[in-house]
Amino acid sequence: MRVFPPYPSGQTPTATPNQPLVVVSVMARKGGTGKSTISINLATEAVKNGLKAGILDLDPQATAENWADEREKSETVDSSQPVVRGAKPSRFEMAIAEADNSGYDVLFIDTPANSTHAATDIVKHSDYILIPTTPGSFDIEAIKQTMRLAKEQEKPAAVVLNKCRHNAPIQTKSAAKKISKDHHFPIAGEIICNRKAFDDANEKGLGVQEYAPRSKAAEEIAGLYNWLMIDLGLETEQEAALTA
Ligand SMILES: Nc1ncnc2c1ncn2[C@@H]1O[C@H](COP(=O)(O)OP(=O)(O)OP(=O)(O)O)[C@@H](O)[C@H]1O
Ligand SMILES: [Mg+2]
């Protein structure tokens, strides 16, 4: 099994001193809602912001691992970061412990759709649950069980509205209302639209912020990342600069 290696000393990013590992699981029973895309882009953004970030790919489809293989071919980015490791869902605890021992700041767990057996345990070992869904009503219906798991274990969590049509604000608003008013569940502070840059970047083993740094997609990921860091109570680089 490939393990989470420590970063070579002197190489950025460096671990934030005395910060325990933060585990963010990206979960949804429904397939294709953007679990891998959100995991990959948030981990890439975390590296850009100076954190030691990893992705634990628990999906037998190995989407994040395949993305990392593609990334290795890139000549424009440091493909050694974020570190991506695969594990069977039954071995996720060991992989978390390894990332913790190797001084990682944040670990994004990309989970498979329908991960019913392991889902409860994964939630238990997570500090935060992100639940991506499209604004479609069937997709919102399909994340009910994941929202329930997070609620039952009183884990901080939020739904990420993904693949929203930027020209259909009413659909997005009505999805947000359904989640917050009907399901009493928090929504991430940034909505992610359906943008070709996500698919193009995924194919090349890049984050959108690397593939198209001035794109709306990159702006949305930066917004989602900053919102998440604040919700996790972790300081972002911008905040650090402001308080320096
Ligand atoms: N915001 C977005 N805009 C455009 N395309 C997107 C967006 N988010 C994801 N995609 C595309 O949608 C497809 C499914 O995304 P992804 O693989 O991230 O979903 P998933 O939930 O991990 O799927 P699975 O359940 O199969 O693991 C991919 O082709 C991806 O590039
Ligand atoms: Mg996936």
# chains A, B, ... in the order shown; residues from 1 in each chain; ligands from 1

$ residues_near_ligand --ligand "ligand 2" --cutoff "9 Å" --atoms "only C-alpha atoms and all ligand atoms" --output "PyMOL selection string"
chain A and resi 31-37+39+57+59+61-64+110-113

$ write_last_selection --atoms "C-alpha atoms" --output "short mmCIF file (atom, residue, chain, number, x, y, z; two decimals), in the first residue's frame"
data_model
loop_
_atom_site.label_atom_id
_atom_site.label_comp_id
_atom_site.auth_asym_id
_atom_site.auth_seq_id
_atom_site.Cartn_x
_atom_site.Cartn_y
_atom_site.Cartn_z
CA GLY A 31 -23.03 9.42 -8.18
CA GLY A 32 -21.60 12.23 -10.29
CA THR A 33 -22.47 15.12 -7.98
CA GLY A 34 -18.87 16.39 -7.85
CA LYS A 35 -17.28 14.61 -4.85
CA SER A 36 -13.99 14.01 -6.65
CA THR A 37 -13.96 17.42 -8.35
CA SER A 39 -11.93 17.11 -3.20
CA ASP A 57 -9.33 8.23 -2.42
CA ASP A 59 -13.48 5.05 -4.39
CA GLN A 61 -13.12 3.97 -9.49
CA ALA A 62 -9.92 5.71 -8.33
CA THR A 63 -10.88 9.05 -9.88
CA ALA A 64 -8.55 11.12 -7.68
CA ASP A 110 -13.06 11.43 -1.62
CA THR A 111 -15.71 8.81 -0.95
CA PRO A 112 -17.54 6.50 -3.33
CA ALA A 113 -21.23 6.93 -4.11
#

$ residues_around --residues "Gly54 in chain A" --least-positions-apart "5" --cutoff "10 Å" --atoms "only C-alpha atoms" --output "PyMOL selection string"
chain A and resi 4+23+39-40+43-44+46-47+81-85+96+99+104-109

$ write_last_selection --atoms "N, CA and C atoms" --output "JSON list (two decimals), in the first residue's frame"
[["chain", "number", "residue", "atom", "x", "y", "z"],
["A", 4, "PHE", "N", 1.19, 7.87, 3.06],
["A", 4, "PHE", "CA", 1.33, 9.33, 3.01],
["A", 4, "PHE", "C", 2.75, 9.69, 3.45],
["A", 23, "VAL", "N", -9.73, 16.47, 9.10],
["A", 23, "VAL", "CA", -10.24, 15.52, 8.10],
["A", 23, "VAL", "C", -11.58, 16.03, 7.56],
["A", 39, "SER", "N", -13.09, 17.55, -4.00],
["A", 39, "SER", "CA", -11.93, 17.11, -3.20],
["A", 39, "SER", "C", -10.63, 17.58, -3.85],
["A", 40, "ILE", "N", -10.51, 17.34, -5.13],
["A", 40, "ILE", "CA", -9.29, 17.68, -5.88],
["A", 40, "ILE", "C", -9.03, 19.19, -5.84],
["A", 43, "ALA", "N", -8.21, 20.48, -2.28],
["A", 43, "ALA", "CA", -6.85, 20.08, -1.86],
["A", 43, "ALA", "C", -5.80, 20.90, -2.60],
["A", 44, "THR", "N", -6.04, 21.15, -3.87],
["A", 44, "THR", "CA", -5.09, 21.95, -4.66],
["A", 44, "THR", "C", -5.04, 23.38, -4.13],
["A", 46, "ALA", "N", -5.71, 24.24, -1.07],
["A", 46, "ALA", "CA", -5.06, 24.20, 0.25],
["A", 46, "ALA", "C", -3.54, 24.25, 0.08],
["A", 47, "VAL", "N", -3.02, 23.50, -0.89],
["A", 47, "VAL", "CA", -1.57, 23.51, -1.16],
["A", 47, "VAL", "C", -1.15, 24.93, -1.58],
["A", 81, "GLN", "N", 2.28, 17.43, -5.07],
["A", 81, "GLN", "CA", 1.29, 17.98, -4.13],
["A", 81, "GLN", "C", 0.00, 18.32, -4.87],
["A", 82, "PRO", "N", -1.13, 18.14, -4.30],
["A", 82, "PRO", "CA", -1.37, 17.43, -3.06],
["A", 82, "PRO", "C", -1.07, 15.93, -3.22],
["A", 83, "VAL", "N", -0.69, 15.29, -2.12],
["A", 83, "VAL", "CA", -0.43, 13.85, -2.17],
["A", 83, "VAL", "C", -1.78, 13.13, -2.24],
["A", 84, "VAL", "N", -1.89, 12.20, -3.18],
["A", 84, "VAL", "CA", -3.14, 11.45, -3.33],
["A", 84, "VAL", "C", -2.85, 9.98, -3.06],
["A", 85, "ARG", "N", -3.61, 9.39, -2.17],
["A", 85, "ARG", "CA", -3.44, 7.97, -1.85],
["A", 85, "ARG", "C", -4.78, 7.26, -1.92],
["A", 96, "ILE", "N", -5.80, 7.61, 7.66],
["A", 96, "ILE", "CA", -5.92, 8.89, 8.38],
["A", 96, "ILE", "C", -4.78, 8.99, 9.40],
["A", 99, "ALA", "N", -1.56, 9.91, 7.70],
["A", 99, "ALA", "CA", -1.49, 11.32, 7.29],
["A", 99, "ALA", "C", -1.23, 12.18, 8.52],
["A", 104, "TYR", "N", 0.42, 16.08, 8.21],
["A", 104, "TYR", "CA", -0.47, 16.79, 7.28],
["A", 104, "TYR", "C", -1.39, 17.74, 8.04],
["A", 105, "ASP", "N", -1.75, 18.84, 7.38],
["A", 105, "ASP", "CA", -2.69, 19.79, 7.97],
["A", 105, "ASP", "C", -4.12, 19.38, 7.69],
["A", 106, "VAL", "N", -4.35, 18.99, 6.44],
["A", 106, "VAL", "CA", -5.73, 18.71, 6.04],
["A", 106, "VAL", "C", -5.76, 17.52, 5.09],
["A", 107, "LEU", "N", -6.76, 16.66, 5.31],
["A", 107, "LEU", "CA", -6.93, 15.49, 4.46],
["A", 107, "LEU", "C", -8.37, 15.51, 3.93],
["A", 108, "PHE", "N", -8.49, 15.52, 2.61],
["A", 108, "PHE", "CA", -9.82, 15.46, 2.00],
["A", 108, "PHE", "C", -10.09, 14.00, 1.64],
["A", 109, "ILE", "N", -11.19, 13.46, 2.12],
["A", 109, "ILE", "CA", -11.53, 12.07, 1.78],
["A", 109, "ILE", "C", -12.57, 12.07, 0.67]]

$ residues_around --residues "Arg165 in chain A" --least-positions-apart "5" --cutoff "10 Å" --atoms "only C-alpha atoms" --output "list in words"
Thr134, Pro135, Ile170, Gln171, Thr172, Ile192, Cys193, Asn194 and Arg195 of chain A

$ select_by_dssp --residues "range 72-208 of chain A" --states "strand (DSSP E)" --output "list in words"
Val83, Val84, Arg85, Gly86, Val106, Leu107, Phe108, Ile109, Asp110, Tyr128, Ile129, Leu130, Ile131, Pro132, Thr133, Ala157, Ala158, Val159, Val160 and Leu161 of chain A

$ write_last_selection --atoms "C-alpha atoms" --output "mmCIF file, in the first residue's frame"
data_model
loop_
_atom_site.group_PDB
_atom_site.id
_atom_site.type_symbol
_atom_site.label_atom_id
_atom_site.label_comp_id
_atom_site.auth_asym_id
_atom_site.auth_seq_id
_atom_site.Cartn_x
_atom_site.Cartn_y
_atom_site.Cartn_z
ATOM 1 C CA VAL A 83 -0.431 13.852 -2.171
ATOM 2 C CA VAL A 84 -3.143 11.450 -3.333
ATOM 3 C CA ARG A 85 -3.439 7.973 -1.852
ATOM 4 C CA GLY A 86 -5.968 5.244 -2.415
ATOM 5 C CA VAL A 106 -5.731 18.707 6.041
ATOM 6 C CA LEU A 107 -6.934 15.487 4.455
ATOM 7 C CA PHE A 108 -9.821 15.457 1.999
ATOM 8 C CA ILE A 109 -11.532 12.073 1.782
ATOM 9 C CA ASP A 110 -13.057 11.427 -1.621
ATOM 10 C CA TYR A 128 -16.222 18.161 8.684
ATOM 11 C CA ILE A 129 -18.586 16.721 6.077
ATOM 12 C CA LEU A 130 -19.095 18.381 2.707
ATOM 13 C CA ILE A 131 -22.054 17.070 0.741
ATOM 14 C CA PRO A 132 -22.019 18.052 -2.917
ATOM 15 C CA THR A 133 -25.260 17.991 -4.863
ATOM 16 C CA ALA A 157 -21.288 19.837 7.750
ATOM 17 C CA ALA A 158 -22.639 21.687 4.755
ATOM 18 C CA VAL A 159 -24.154 20.960 1.389
ATOM 19 C CA VAL A 160 -22.196 22.313 -1.564
ATOM 20 C CA LEU A 161 -24.473 23.295 -4.418
#

$ residues_around --residues "Arg29 in chain A" --least-positions-apart "3" --cutoff "9 Å" --atoms "only C-alpha atoms" --output "VMD selection string"
chain A and resid 112 to 116 142 to 146

$ closest_residue --among "A:Ala175, A:Leu149, A:Leu206, A:Met94" --to "Trp67 in chain A" --atoms "only C-alpha atoms"
A:Leu206

$ closest_residue --among "A:Val123, A:Leu234, A:Cys164, A:Ile55" --to "ligand 1" --atoms "only C-alpha atoms and all ligand atoms"
A:Cys164

$ atom_distance --atom1 "CA of Gly223 in chain A" --atom2 "CA of Asn66 in chain A"
25.9 Å

$ select_by_dssp --residues "range 24-244 of chain A" --states "helix (DSSP H, G or I)" --output "compact mmCIF listing (two decimals) with C-alpha atoms, in the first residue's frame"
# COMPACT_ATOMS: atom_id res chain seq x y z
CA LYS A 35 -17.28 14.61 -4.85
CA SER A 36 -13.99 14.01 -6.65
CA THR A 37 -13.96 17.42 -8.35
CA ILE A 38 -14.54 19.24 -5.05
CA SER A 39 -11.93 17.11 -3.20
CA ILE A 40 -9.29 17.68 -5.88
CA ASN A 41 -9.87 21.41 -6.20
CA LEU A 42 -10.04 22.08 -2.45
CA ALA A 43 -6.85 20.08 -1.86
CA THR A 44 -5.09 21.95 -4.66
CA GLU A 45 -6.28 25.26 -3.22
CA ALA A 46 -5.06 24.20 0.25
CA VAL A 47 -1.57 23.51 -1.16
CA LYS A 48 -1.64 26.90 -2.93
CA THR A 63 -10.88 9.05 -9.88
CA ALA A 64 -8.55 11.12 -7.68
CA GLU A 65 -5.70 8.63 -8.10
CA ASN A 66 -6.14 8.72 -11.88
CA TRP A 67 -6.14 12.51 -11.71
CA ALA A 68 -2.83 12.35 -9.80
CA ASP A 69 -1.35 10.04 -12.47
CA GLU A 70 -2.32 12.57 -15.11
CA ARG A 71 -0.87 15.35 -12.95
CA GLU A 72 2.51 13.60 -12.92
CA PRO A 89 -12.96 1.99 2.62
CA SER A 90 -12.30 -0.63 5.33
CA ARG A 91 -8.74 0.70 5.77
CA PHE A 92 -9.48 4.40 5.92
CA GLU A 93 -8.65 4.73 9.63
CA MET A 94 -5.10 3.54 9.03
CA ALA A 95 -4.67 6.02 6.19
CA ILE A 96 -5.92 8.89 8.38
CA ALA A 97 -3.48 7.91 11.13
CA GLU A 98 -0.65 7.84 8.62
CA ALA A 99 -1.49 11.32 7.29
CA ASP A 100 -1.66 12.56 10.89
CA ASN A 101 1.71 11.01 11.79
CA THR A 116 -23.36 2.69 2.92
CA HIS A 117 -21.23 0.32 5.09
CA ALA A 118 -18.31 2.56 5.78
CA ALA A 119 -20.20 5.88 5.66
CA THR A 120 -21.11 5.96 9.35
CA ASP A 121 -17.52 5.27 10.40
CA ILE A 122 -16.10 7.75 7.94
CA VAL A 123 -18.38 10.45 9.36
CA LYS A 124 -17.29 9.46 12.87
CA SER A 137 -34.71 17.99 -6.80
CA PHE A 138 -33.96 14.26 -7.28
CA ASP A 139 -30.33 14.86 -6.35
CA ILE A 140 -31.32 16.78 -3.22
CA GLU A 141 -33.64 13.92 -2.29
CA ALA A 142 -30.70 11.51 -2.71
CA LYS A 144 -31.04 13.05 2.66
CA GLN A 145 -29.34 10.02 4.16
CA THR A 146 -25.90 11.66 4.15
CA MET A 147 -27.34 14.79 5.79
CA ARG A 148 -28.96 12.53 8.41
CA LEU A 149 -25.64 10.77 9.14
CA ALA A 150 -23.91 14.08 9.75
CA LYS A 151 -26.77 15.34 11.94
CA GLU A 152 -26.93 12.13 14.01
CA PRO A 169 -30.71 31.66 -10.29
CA ILE A 170 -34.28 30.72 -9.39
CA GLN A 171 -33.48 26.99 -9.53
CA THR A 172 -30.39 27.55 -7.35
CA LYS A 173 -32.36 29.66 -4.87
CA SER A 174 -35.13 27.12 -4.63
CA ALA A 175 -32.56 24.32 -4.05
CA ALA A 176 -30.92 26.38 -1.30
CA LYS A 177 -34.31 27.00 0.29
CA LYS A 178 -35.19 23.31 0.19
CA ILE A 179 -31.93 22.36 1.94
CA SER A 180 -31.99 25.05 4.60
CA LYS A 181 -35.73 25.39 5.26
CA ASP A 182 -37.06 21.87 4.58
CA LYS A 196 -16.38 23.59 -18.58
CA ALA A 197 -13.10 24.55 -16.87
CA PHE A 198 -13.79 21.94 -14.16
CA ASP A 199 -13.99 19.08 -16.63
CA ASP A 200 -11.04 20.35 -18.68
CA ALA A 201 -8.84 20.78 -15.59
CA ASN A 202 -9.82 17.33 -14.24
CA GLU A 203 -8.78 15.72 -17.50
CA LYS A 204 -5.34 17.33 -17.34
CA VAL A 208 -9.08 24.92 -11.97
CA GLN A 209 -6.90 27.50 -10.23
CA GLU A 210 -3.91 26.06 -12.10
CA TYR A 211 -5.69 25.42 -15.39
CA LYS A 216 -14.99 32.11 -12.62
CA ALA A 217 -14.42 28.45 -11.69
CA ALA A 218 -11.14 29.35 -9.93
CA GLU A 219 -12.87 32.25 -8.18
CA GLU A 220 -15.62 29.94 -6.93
CA ILE A 221 -13.13 27.37 -5.61
CA ALA A 222 -11.15 30.09 -3.80
CA GLY A 223 -14.44 31.30 -2.29
CA LEU A 224 -15.43 27.80 -1.20
CA TYR A 225 -11.99 27.15 0.27
CA ASN A 226 -11.90 30.42 2.23
CA TRP A 227 -15.41 29.84 3.52
CA LEU A 228 -14.46 26.29 4.61
CA MET A 229 -11.32 27.43 6.40
CA ILE A 230 -13.33 30.00 8.34
CA ASP A 231 -16.03 27.44 9.18
CA LEU A 232 -13.30 25.04 10.34
CA GLU A 237 -3.30 33.11 4.36
CA GLN A 238 -5.24 36.29 3.68
CA GLU A 239 -6.27 36.51 7.33
CA ALA A 240 -2.74 35.82 8.45
CA ALA A 241 -1.54 38.67 6.23
CA LEU A 242 -4.18 40.98 7.67
CA THR A 243 -3.26 40.19 11.27

$ atom_distance --atom1 "CA of Ser74 in chain A" --atom2 "CA of Met27 in chain A"
28.3 Å
